[in-house]
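Asks: input.tsv is the file, holding TSV, C-alpha atoms:
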```
chain	number	residue	atom	x	y	z
W	1	MET	CA	78.47	134.85	71.84
W	2	VAL	CA	81.14	137.41	72.75
W	3	LYS	CA	80.54	141.13	72.61
W	4	LEU	CA	83.23	143.55	71.44
W	5	VAL	CA	82.62	147.21	72.34
W	6	LEU	CA	84.45	150.03	70.57
W	7	ARG	CA	83.29	153.55	71.56
W	8	ASP	CA	79.54	153.53	70.83
W	9	LYS	CA	79.65	150.48	68.52
W	10	GLU	CA	79.04	146.87	69.47
W	11	TYR	CA	80.04	143.73	67.58
W	12	GLU	CA	79.27	140.07	68.23
W	13	VAL	CA	81.48	137.07	67.49
W	14	ASN	CA	81.34	133.38	68.35
W	15	ALA	CA	82.95	132.23	71.57
W	16	GLY	CA	86.08	130.12	71.19
W	17	THR	CA	87.63	132.37	68.57
W	18	ASN	CA	90.82	134.24	69.37
W	19	LEU	CA	91.11	138.01	69.58
W	20	ILE	CA	92.90	138.58	66.27
W	21	SER	CA	90.32	136.53	64.35
W	22	ALA	CA	87.49	138.33	66.13
W	23	LEU	CA	88.90	141.74	65.20
W	24	LYS	CA	89.36	140.74	61.58
W	25	LYS	CA	85.85	139.34	61.42
W	26	CYS	CA	84.53	142.71	62.63
W	27	SER	CA	86.77	144.58	60.13
W	28	ILE	CA	88.61	146.31	62.97
W	29	VAL	CA	92.28	147.03	62.23
W	30	PRO	CA	94.14	145.35	65.13
W	31	GLU	CA	96.80	148.07	65.20
W	32	SER	CA	94.14	150.68	65.94
W	33	VAL	CA	92.91	149.24	69.25
W	34	ILE	CA	93.94	147.78	72.60
W	35	ALA	CA	91.62	145.04	73.83
W	36	THR	CA	90.78	144.71	77.51
W	37	ARG	CA	89.00	142.08	79.56
W	38	ASP	CA	87.83	143.29	82.97
W	39	GLY	CA	90.21	146.23	82.63
W	40	GLU	CA	93.28	144.08	81.85
W	41	MET	CA	94.94	144.17	78.45
W	42	ILE	CA	94.86	141.01	76.37
W	43	VAL	CA	96.92	140.00	73.33
W	44	GLU	CA	95.89	138.61	69.97
W	45	ASP	CA	96.08	134.87	70.70
W	46	GLU	CA	93.73	135.16	73.69
W	47	VAL	CA	90.67	132.93	73.26
W	48	LEU	CA	87.37	134.70	73.91
W	49	ASN	CA	84.87	133.04	76.22
W	50	GLU	CA	81.11	132.71	75.99
W	51	GLY	CA	79.18	135.68	77.36
W	52	GLU	CA	82.10	137.98	77.99
W	53	VAL	CA	82.44	141.61	76.94
W	54	ILE	CA	85.73	142.77	75.48
W	55	LYS	CA	86.26	146.52	75.62
W	56	LEU	CA	88.32	147.92	72.78
W	57	ILE	CA	90.22	151.14	73.41
W	58	ALA	CA	90.79	153.22	70.28
W	59	VAL	CA	94.40	154.36	70.11
W	60	ILE	CA	94.40	156.93	67.30
W	61	SER	CA	94.37	160.60	68.17
W	62	GLY	CA	95.35	163.68	66.28
W	63	GLY	CA	94.14	166.61	64.29
W	64	SER	CA	94.89	169.18	61.60
G	1	MET	CA	101.52	134.40	74.58
G	2	LYS	CA	104.14	134.77	77.29
G	3	CYS	CA	106.23	137.66	78.59
G	4	ARG	CA	109.76	137.37	77.21
G	5	LYS	CA	111.26	138.48	80.50
G	6	CYS	CA	109.41	136.42	83.11
G	7	GLY	CA	107.33	133.89	81.20
G	8	GLY	CA	104.13	135.23	82.75
G	9	LYS	CA	101.02	136.10	80.78
G	10	ALA	CA	101.73	138.80	78.17
G	11	SER	CA	99.69	142.03	78.24
G	12	ILE	CA	101.11	143.52	75.07
G	13	ASN	CA	102.71	142.14	71.95
G	14	MET	CA	104.86	144.50	69.88
G	15	ARG	CA	105.14	142.65	66.62
G	16	GLN	CA	107.61	145.13	65.13
G	17	HIS	CA	110.08	144.19	67.88
G	18	ARG	CA	108.95	140.55	68.19
G	19	LEU	CA	108.54	141.33	71.85
G	20	ALA	CA	105.68	140.39	74.17
G	21	LEU	CA	105.71	141.64	77.77
G	22	CYS	CA	103.58	141.39	80.88
G	23	LYS	CA	102.22	144.57	82.44
G	24	GLU	CA	104.97	144.84	85.07
G	25	HIS	CA	107.81	144.39	82.61
G	26	TYR	CA	106.13	146.65	80.07
G	27	ILE	CA	106.02	149.62	82.45
G	28	GLU	CA	109.72	149.06	83.15
G	29	TRP	CA	110.61	148.69	79.47
G	30	VAL	CA	108.99	151.97	78.31
G	31	PRO	CA	111.13	154.36	80.44
G	32	GLU	CA	114.26	152.32	79.65
G	33	GLN	CA	113.61	152.77	75.95
G	34	THR	CA	112.74	156.45	76.38
G	35	GLU	CA	116.04	157.04	78.15
G	36	ARG	CA	117.82	155.27	75.32
G	37	PHE	CA	116.17	157.58	72.72
G	38	ILE	CA	116.88	160.71	74.81
G	39	LYS	CA	120.57	159.80	74.84
G	40	LYS	CA	120.75	158.52	71.26
G	41	TYR	CA	119.38	161.76	69.83
G	42	GLY	CA	121.04	164.04	72.42
G	43	MET	CA	117.74	165.53	73.52
G	44	PHE	CA	118.66	166.82	76.98
G	45	THR	CA	120.56	165.99	80.15
G	46	GLN	CA	119.58	165.48	83.78
G	47	SER	CA	120.77	168.99	84.63
G	48	GLU	CA	118.48	170.76	82.14
G	49	LYS	CA	115.00	172.07	82.92
G	50	ILE	CA	112.36	170.61	80.63
G	51	LEU	CA	108.96	172.06	79.80
G	52	VAL	CA	106.51	169.34	78.75
G	53	ALA	CA	103.58	170.44	76.61
G	54	VAL	CA	100.66	168.61	78.20
G	55	SER	CA	97.24	168.41	76.59
G	56	GLY	CA	95.50	165.92	78.87
G	57	GLY	CA	95.81	163.27	76.15
G	58	LYS	CA	97.56	159.93	76.52
G	59	ASP	CA	100.86	160.79	74.86
G	60	SER	CA	101.71	163.98	76.71
G	61	LEU	CA	100.64	162.62	80.11
G	62	ALA	CA	102.62	159.43	79.46
G	63	LEU	CA	105.65	161.52	78.52
G	64	TRP	CA	105.37	163.62	81.67
G	65	ASP	CA	105.03	160.47	83.77
G	66	ILE	CA	108.02	158.80	82.12
G	67	LEU	CA	110.31	161.83	82.47
G	68	ASN	CA	109.29	162.17	86.08
G	69	ARG	CA	110.00	158.48	86.71
G	70	LEU	CA	113.40	158.88	85.06
G	71	GLY	CA	114.23	161.68	87.48
G	72	TYR	CA	114.27	164.59	85.05
G	73	HIS	CA	113.25	168.08	86.10
G	74	ALA	CA	110.13	168.24	83.94
G	75	ASP	CA	107.39	170.82	84.49
G	76	GLY	CA	104.13	170.92	82.52
G	77	LEU	CA	102.52	173.51	80.31
G	78	TYR	CA	98.81	173.33	79.59
G	79	LEU	CA	97.30	175.67	77.00
G	80	GLY	CA	93.59	176.37	77.47
G	81	LEU	CA	92.29	176.47	73.92
G	82	GLY	CA	88.63	177.13	74.70
G	83	ILE	CA	87.29	174.20	72.67
G	84	ASP	CA	83.93	172.92	73.82
G	85	GLY	CA	82.44	170.92	70.94
G	86	GLY	CA	79.48	169.89	73.08
G	87	ILE	CA	81.70	167.70	75.28
G	88	ASN	CA	83.46	170.33	77.39
G	89	TYR	CA	86.66	169.23	75.66
G	90	SER	CA	89.12	171.85	76.93
G	91	HIS	CA	87.61	171.97	80.39
G	92	GLU	CA	87.83	168.20	80.78
G	93	SER	CA	91.36	167.96	79.40
G	94	GLN	CA	92.50	170.71	81.79
G	95	ARG	CA	90.83	168.93	84.72
G	96	LEU	CA	92.65	165.67	83.92
G	97	THR	CA	95.97	167.44	83.46
G	98	GLU	CA	95.63	169.25	86.79
G	99	LYS	CA	94.58	166.02	88.48
G	100	PHE	CA	97.70	164.27	87.18
G	101	ALA	CA	99.94	167.16	88.26
G	102	ASN	CA	98.44	167.25	91.76
G	103	LYS	CA	98.62	163.49	92.19
G	104	ASN	CA	102.32	163.48	91.29
G	105	ASN	CA	103.26	166.80	92.92
G	106	LEU	CA	104.38	168.30	89.63
G	107	ILE	CA	104.56	171.95	88.58
G	108	LEU	CA	102.00	172.87	85.93
G	109	HIS	CA	101.81	176.22	84.11
G	110	VAL	CA	98.36	176.97	82.72
G	111	VAL	CA	97.88	179.57	80.00
G	112	ASP	CA	94.40	180.43	78.81
G	113	ILE	CA	94.39	181.62	75.20
G	114	GLU	CA	91.17	183.60	75.57
G	115	LYS	CA	92.56	185.48	78.57
G	116	GLU	CA	95.84	186.16	76.74
G	117	TYR	CA	94.48	187.08	73.32
G	118	GLY	CA	90.81	187.97	73.80
G	119	GLN	CA	89.25	185.01	72.02
G	120	PRO	CA	89.26	181.20	72.24
G	121	ILE	CA	90.73	179.20	69.34
G	122	PRO	CA	87.45	178.54	67.43
G	123	VAL	CA	86.63	182.27	67.42
G	124	LEU	CA	90.18	183.30	66.49
G	125	SER	CA	89.93	180.90	63.59
G	126	GLU	CA	86.58	182.23	62.46
G	127	ILE	CA	87.58	185.89	62.61
G	128	SER	CA	90.99	185.42	61.04
G	129	HIS	CA	89.59	183.29	58.16
G	130	ARG	CA	92.47	180.84	58.43
G	131	GLY	CA	92.20	177.10	57.95
G	132	HIS	CA	89.31	176.63	55.51
G	133	GLY	CA	86.56	176.52	58.12
G	134	LYS	CA	88.43	174.32	60.63
G	135	PRO	CA	90.34	175.77	63.58
G	136	CYS	CA	93.20	173.22	63.38
G	137	ALA	CA	95.57	175.58	61.52
G	138	VAL	CA	95.02	178.41	64.00
G	139	CYS	CA	95.26	175.94	66.89
G	140	GLY	CA	98.60	174.59	65.64
G	141	LEU	CA	99.99	178.05	64.97
G	142	THR	CA	98.91	179.30	68.39
G	143	LYS	CA	100.29	176.27	70.22
G	144	ARG	CA	103.68	176.52	68.50
G	145	HIS	CA	103.88	180.26	69.22
G	146	GLU	CA	102.82	179.99	72.84
G	147	MET	CA	104.90	176.94	73.69
G	148	ASN	CA	107.99	178.67	72.36
G	149	ARG	CA	107.18	181.97	74.08
G	150	ILE	CA	106.57	180.37	77.47
G	151	ALA	CA	109.55	178.01	77.32
G	152	ARG	CA	111.82	180.97	76.65
G	153	ASP	CA	110.12	183.41	79.04
G	154	LEU	CA	110.33	180.93	81.91
G	155	GLY	CA	113.91	179.91	81.18
G	156	TYR	CA	113.43	176.28	80.19
G	157	ALA	CA	116.29	174.69	78.26
G	158	VAL	CA	114.04	172.52	76.18
G	159	LEU	CA	110.43	172.01	75.17
G	160	ALA	CA	109.26	168.38	75.02
G	161	THR	CA	106.16	167.21	73.19
G	162	GLY	CA	104.42	163.83	73.24
G	163	HIS	CA	104.59	163.10	69.51
G	164	ASN	CA	104.68	159.34	68.98
G	165	LEU	CA	105.83	157.33	65.98
G	166	ASP	CA	102.38	157.29	64.41
G	167	ASP	CA	102.27	161.10	64.57
G	168	GLU	CA	105.69	161.30	62.97
G	169	ALA	CA	104.96	158.67	60.35
G	170	ALA	CA	101.69	160.39	59.40
G	171	VAL	CA	103.45	163.74	58.97
G	172	LEU	CA	106.22	162.07	57.01
G	173	PHE	CA	103.68	160.28	54.82
G	174	GLY	CA	101.86	163.54	54.08
G	175	ASN	CA	105.06	165.42	53.33
G	176	THR	CA	106.30	162.59	51.13
G	177	LEU	CA	103.07	162.50	49.16
G	178	ASN	CA	103.59	166.20	48.50
G	179	TRP	CA	107.41	165.99	48.23
G	180	ALA	CA	107.52	168.87	50.66
G	181	SER	CA	111.31	169.00	50.82
G	182	GLU	CA	111.56	171.93	53.22
G	183	TYR	CA	109.35	170.18	55.75
G	184	LEU	CA	111.07	166.83	55.23
G	185	LEU	CA	114.44	168.37	56.02
G	186	ARG	CA	113.11	169.83	59.26
G	187	GLN	CA	111.42	166.70	60.62
G	188	GLY	CA	113.23	164.81	63.34
G	189	PRO	CA	113.36	163.90	67.04
G	190	VAL	CA	115.20	167.14	67.86
G	191	LEU	CA	114.81	170.65	66.50
G	192	PRO	CA	117.92	172.41	67.80
G	193	GLU	CA	117.71	175.73	69.57
G	194	SER	CA	118.23	178.72	67.30
G	195	GLU	CA	117.86	182.48	67.51
G	196	GLY	CA	114.49	183.07	69.18
G	197	LEU	CA	113.48	179.42	69.13
G	198	ALA	CA	113.65	176.99	72.03
G	199	ARG	CA	115.02	173.48	71.44
G	200	LYS	CA	112.16	171.10	70.74
G	201	VAL	CA	112.34	167.37	71.36
G	202	LYS	CA	110.10	164.34	70.90
G	203	PRO	CA	111.21	161.61	73.32
G	204	LEU	CA	108.32	159.28	72.35
G	205	CYS	CA	108.99	159.44	68.62
G	206	ARG	CA	109.88	155.74	68.39
G	207	PHE	CA	106.89	154.37	70.30
G	208	TYR	CA	103.76	153.33	68.47
G	209	GLU	CA	100.59	155.17	69.45
G	210	ARG	CA	99.21	151.83	70.60
G	211	GLU	CA	102.10	151.47	73.03
G	212	MET	CA	101.36	154.82	74.65
G	213	THR	CA	97.74	153.82	75.15
G	214	ALA	CA	98.97	150.59	76.71
G	215	TYR	CA	101.36	152.52	78.94
G	216	CYS	CA	98.60	154.79	80.27
G	217	LEU	CA	96.31	151.82	80.89
G	218	SER	CA	99.10	149.91	82.65
G	219	ARG	CA	100.08	152.88	84.81
G	220	GLY	CA	96.50	153.88	85.59
G	221	ILE	CA	96.93	157.30	83.99
G	222	GLU	CA	93.56	158.89	83.39
G	223	TYR	CA	93.60	160.77	80.07
G	224	ILE	CA	91.01	162.39	77.84
G	225	TYR	CA	89.72	159.57	75.68
G	226	GLU	CA	87.39	161.70	73.61
G	227	GLU	CA	88.93	163.03	70.44
G	228	CYS	CA	89.15	166.78	69.85
G	229	PRO	CA	85.76	167.61	68.27
G	230	PHE	CA	87.55	169.24	65.34
G	231	ALA	CA	89.84	166.26	64.64
G	232	GLU	CA	87.12	164.16	63.04
G	233	GLY	CA	87.88	163.52	59.40
G	234	SER	CA	91.32	165.10	59.69
G	235	GLN	CA	94.06	164.27	57.23
G	236	SER	CA	96.47	163.07	59.92
G	237	ILE	CA	93.95	160.55	61.24
G	238	TYR	CA	93.29	159.33	57.71
G	239	TYR	CA	97.01	158.80	57.13
G	240	LYS	CA	97.35	156.99	60.46
G	241	GLU	CA	94.54	154.63	59.49
G	242	LEU	CA	96.20	153.88	56.18
G	243	LEU	CA	99.53	153.24	57.86
G	244	ASN	CA	97.91	150.96	60.42
G	245	GLN	CA	96.42	148.85	57.64
G	246	LEU	CA	99.91	148.52	56.21
G	247	GLU	CA	101.31	147.67	59.63
G	248	THR	CA	98.75	144.91	60.12
G	249	THR	CA	100.00	143.01	57.10
G	250	ARG	CA	103.62	144.14	57.37
G	251	PRO	CA	104.62	144.42	61.04
G	252	GLY	CA	107.30	147.05	61.48
G	253	ALA	CA	106.39	148.99	58.32
G	254	LYS	CA	105.71	152.24	60.22
G	255	LEU	CA	108.89	151.99	62.24
G	256	THR	CA	111.01	151.23	59.17
G	257	PHE	CA	109.40	154.08	57.22
G	258	TYR	CA	110.35	156.57	59.93
G	259	LEU	CA	113.78	155.21	60.89
G	260	ARG	CA	114.98	154.83	57.31
G	261	PHE	CA	113.88	158.40	56.68
G	262	LEU	CA	115.94	159.61	59.65
G	263	GLU	CA	118.93	157.65	58.41
G	264	ALA	CA	118.57	159.03	54.88
G	265	ARG	CA	118.22	162.57	56.17
G	266	LYS	CA	121.23	162.23	58.43
G	267	SER	CA	123.38	160.78	55.66
G	268	GLY	CA	122.62	163.82	53.50
G	269	ASN	CA	121.39	161.63	50.66
G	270	LEU	CA	117.74	162.58	50.96
G	271	PHE	CA	118.01	165.98	49.35
G	272	ILE	CA	120.88	168.25	48.56
G	273	GLU	CA	120.46	170.69	51.38
G	274	HIS	CA	122.13	173.71	49.89
G	275	GLU	CA	119.67	173.75	47.03
G	276	VAL	CA	116.69	173.96	49.35
G	277	GLY	CA	117.79	177.28	50.76
G	278	ARG	CA	117.05	178.38	54.27
G	279	ALA	CA	114.36	180.93	54.90
G	280	HIS	CA	115.78	184.21	56.14
G	281	LEU	CA	114.39	184.80	59.61
G	282	HIS	CA	114.16	188.08	61.48
G	283	PRO	CA	112.41	189.06	64.72
G	284	CYS	CA	108.73	189.95	64.52
G	285	PRO	CA	108.42	193.65	65.46
G	286	LYS	CA	105.60	192.86	67.88
G	287	CYS	CA	106.42	189.63	69.73
G	288	GLY	CA	110.08	189.25	68.85
G	289	GLN	CA	109.85	185.61	67.73
G	290	PRO	CA	111.55	184.68	64.44
G	291	THR	CA	109.53	185.03	61.27
G	292	SER	CA	110.21	184.78	57.56
G	293	THR	CA	107.56	187.34	56.63
G	294	SER	CA	108.56	190.93	55.99
G	295	ASP	CA	106.50	192.45	58.80
G	296	LEU	CA	104.52	190.90	61.70
G	297	CYS	CA	104.73	187.11	62.16
G	298	SER	CA	101.78	184.96	61.14
G	299	PHE	CA	100.60	184.63	64.72
G	300	CYS	CA	100.59	188.38	65.47
G	301	ARG	CA	98.86	189.10	62.16
G	302	MET	CA	96.20	186.57	63.06
G	303	ILE	CA	95.70	188.12	66.52
G	304	GLU	CA	95.62	191.64	65.07
G	305	LYS	CA	93.00	190.57	62.54
G	306	ALA	CA	90.98	188.76	65.18
G	307	ASN	CA	90.85	191.84	67.36
G	308	VAL	CA	89.54	194.13	64.61
G	309	PRO	CA	85.89	194.90	65.48
G	310	VAL	CA	83.52	193.40	62.90
```
Please, can you express the file's structure as structure tokens?
Replies:
Amino acid sequence: MVKLVLRDKEYEVNAGTNLISALKKCSIVPESVIATRDGEMIVEDEVLNEGEVIKLIAVISGGS
Amino acid sequence: MKCRKCGGKASINMRQHRLALCKEHYIEWVPEQTERFIKKYGMFTQSEKILVAVSGGKDSLALWDILNRLGYHADGLYLGLGIDGGINYSHESQRLTEKFANKNNLILHVVDIEKEYGQPIPVLSEISHRGHGKPCAVCGLTKRHEMNRIARDLGYAVLATGHNLDDEAAVLFGNTLNWASEYLLRQGPVLPESEGLARKVKPLCRFYEREMTAYCLSRGIEYIYEECPFAEGSQSIYYKELLNQLETTRPGAKLTFYLRFLEARKSGNLFIEHEVGRAHLHPCPKCGQPTSTSDLCSFCRMIEKANVPV
């Protein structure tokens, strides 16, 4: 399994899937995050490997 | 996916431009594009002094970094709003802003709202009864007033803010839903200088919010990741989420929405300007900044009300 972490939430997807499919499976809007593996940014066709943790950085900020 | 410039592994894919870049080429591309927008919209020149409104967030720190890399004379302004929210929000954002300034040997002006006006933003909001229980309206009003005051007092030619395309598209979306013609006619990358008002510019207005996050990560810029405690559930965030859903299925939808609006506004076909009528502005008798009200400006009225003992 692969773990996706977004703020205080964790999601699990099967290894071998690519990033865009993983985000869609977790109902995460791809435009709203940047995905990182070991601190390096990865793009949507990147295949996720067994046991790894992908950190998702939320990009939306604002107020009022 | 490969970098279009070098064929190396891509770090970011910007579907609206059909452009994927590696980290190295991405951090070159962002300032190049920023320079292009600065020139295209006639924001400022190399000889002008720029005051950058810096909050400690990703956009404003990225903007300061980019302008500095491009060789502009850009100093920072941090406004201490006194927002805690259980996460030391203002304190932490000030710390990160100062850290960035020190690391890059940049000049930072710090203004503490409580020291200037007697109360922090949440208390000013509570006492003045503005904003329906949330301090965002008072915060916005105060920031606009103070940024303008300080830019003019300190002799800066222009005030630059870190608004990105998602910010602009969200405002545009809200104003379009309400057909707020006066606001629509004022929105743009540059608000020209006028009597009592400093020129305001938004050099990042054509970058997606996602791209600014990517820029900070690529450049190692430490910014406040936590959201303002009062921003939760805000209208602008809701609009951004809606627009991002649209963008996911229609890449480029946000960019087209904003750029076509700018084109329509520039062509004069959006609204017939003379029918909108310009508000008559005169100097506030207390602070001297322009206001359309008959007496004190909204900001001074709010401060006066906030300082009345209860």
Asks: Would you kindly report the residues of chain W within 7 Å of chain G, using all atoms listed in the file, as a PDB file with C-alpha atoms, keeping the file's coordinate frame?
Replies:
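So result-v3.pdb came out as:
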```
ATOM      1  CA  VAL W  29      92.280 147.030  62.230  1.00  0.00           C
ATOM      2  CA  PRO W  30      94.140 145.350  65.130  1.00  0.00           C
ATOM      3  CA  GLU W  31      96.800 148.070  65.200  1.00  0.00           C
ATOM      4  CA  SER W  32      94.140 150.680  65.940  1.00  0.00           C
ATOM      5  CA  VAL W  33      92.910 149.240  69.250  1.00  0.00           C
ATOM      6  CA  ILE W  34      93.940 147.780  72.600  1.00  0.00           C
ATOM      7  CA  MET W  41      94.940 144.170  78.450  1.00  0.00           C
ATOM      8  CA  ILE W  42      94.860 141.010  76.370  1.00  0.00           C
ATOM      9  CA  VAL W  43      96.920 140.000  73.330  1.00  0.00           C
ATOM     10  CA  ASP W  45      96.080 134.870  70.700  1.00  0.00           C
ATOM     11  CA  VAL W  59      94.400 154.360  70.110  1.00  0.00           C
ATOM     12  CA  ILE W  60      94.400 156.930  67.300  1.00  0.00           C
ATOM     13  CA  SER W  61      94.370 160.600  68.170  1.00  0.00           C
ATOM     14  CA  GLY W  62      95.350 163.680  66.280  1.00  0.00           C
ATOM     15  CA  GLY W  63      94.140 166.610  64.290  1.00  0.00           C
ATOM     16  CA  SER W  64      94.890 169.180  61.600  1.00  0.00           C
TER      17      SER W  64
END
```
Asks: Restricting the calculation to all atoms listed in the file: of G:Cys216, G:Pro120, G:Leu70, G:Val52, which residue gets closest to Ile57 in chain W?
Replies: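 Closest residue, counting all atoms listed in the file: G:Cys216.
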Asks: Using all atoms listed in the file, list the residues that have an atom at most 12 Å from (86.6, 134.5, 75.8), coordinates as in the file, as a PyMOL selection string.
Replies: chain W and resi 1-4+12-19+22+35-38+42-54
Asks: Write the selection just made, keeping C-alpha atoms, as a compact mmCIF listing (two decimals), keeping the file's coordinate frame?
Replies:
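out-v8.txt was written with the following content:
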```txt
# COMPACT_ATOMS: atom_id res chain seq x y z
CA MET W 1 78.47 134.85 71.84
CA VAL W 2 81.14 137.41 72.75
CA LYS W 3 80.54 141.13 72.61
CA LEU W 4 83.23 143.55 71.44
CA GLU W 12 79.27 140.07 68.23
CA VAL W 13 81.48 137.07 67.49
CA ASN W 14 81.34 133.38 68.35
CA ALA W 15 82.95 132.23 71.57
CA GLY W 16 86.08 130.12 71.19
CA THR W 17 87.63 132.37 68.57
CA ASN W 18 90.82 134.24 69.37
CA LEU W 19 91.11 138.01 69.58
CA ALA W 22 87.49 138.33 66.13
CA ALA W 35 91.62 145.04 73.83
CA THR W 36 90.78 144.71 77.51
CA ARG W 37 89.00 142.08 79.56
CA ASP W 38 87.83 143.29 82.97
CA ILE W 42 94.86 141.01 76.37
CA VAL W 43 96.92 140.00 73.33
CA GLU W 44 95.89 138.61 69.97
CA ASP W 45 96.08 134.87 70.70
CA GLU W 46 93.73 135.16 73.69
CA VAL W 47 90.67 132.93 73.26
CA LEU W 48 87.37 134.70 73.91
CA ASN W 49 84.87 133.04 76.22
CA GLU W 50 81.11 132.71 75.99
CA GLY W 51 79.18 135.68 77.36
CA GLU W 52 82.10 137.98 77.99
CA VAL W 53 82.44 141.61 76.94
CA ILE W 54 85.73 142.77 75.48
```
Asks: Could you pull the residues within 10 Å of range 302-307 of chain G, counting all atoms listed in the file, minus those fewer than 3 positions along the same chain, as a list in words?
Replies: Tyr117, Gly118, Gln119, Val123, Leu124, Ser125, Glu126, Ile127, Ser128, His129, Arg130, Val138, Leu141, Thr142, Leu296, Cys297, Ser298, Phe299 and Val310 of chain G
Asks: Quick one: distance from CA of Arg152 in chain G to CA of His282 in chain G in Å, one decimal?
Replies: 16.9 Å
Asks: I'd like to know which of G:Ser294, G:Asn164, G:Gln289, G:Gln33 is closest to Ile150 in chain G, using only C-alpha atoms.
Replies: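 Of G:Ser294, G:Asn164, G:Gln289, G:Gln33, the one nearest Ile150 in chain G, counting only C-alpha atoms, is G:Gln289.
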Asks: Rounded to one decimal, what separation in Å do you get between CA of Lys49 in chain G and CA of His280 in chain G?
Replies: 29.4 Å
Asks: One number please: CA of Asp65 in chain G to CA of Glu222 in chain G, in Å, one decimal.
Replies: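 Distance reported for this atom pair: 11.6 Å.
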Asks: Within 12 Å of (114.1, 170.9, 61.2), all atoms listed in the file: residues as a list in words?
Replies: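 All residues meeting the 12 Å criterion around (114.1, 170.9, 61.2) are Ser181, Glu182, Tyr183, Leu184, Leu185, Arg186, Gln187, Gly188, Pro189, Val190, Leu191, Pro192, Glu193, Ser194, Leu197, Arg199, Lys200, Val201, Leu262, Arg265, Lys266, Glu273, Arg278 and Ala279 of chain G.
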Asks: So that I can check the surroundings of Leu6 in chain W, please list as a ChimeraX atom specification every protein, DNA and RNA residue that reaches within 8 Å of it, counting all atoms listed in the file and ignoring chain neighbours fewer than 3 positions away.
Replies: /W:9-10,55-58
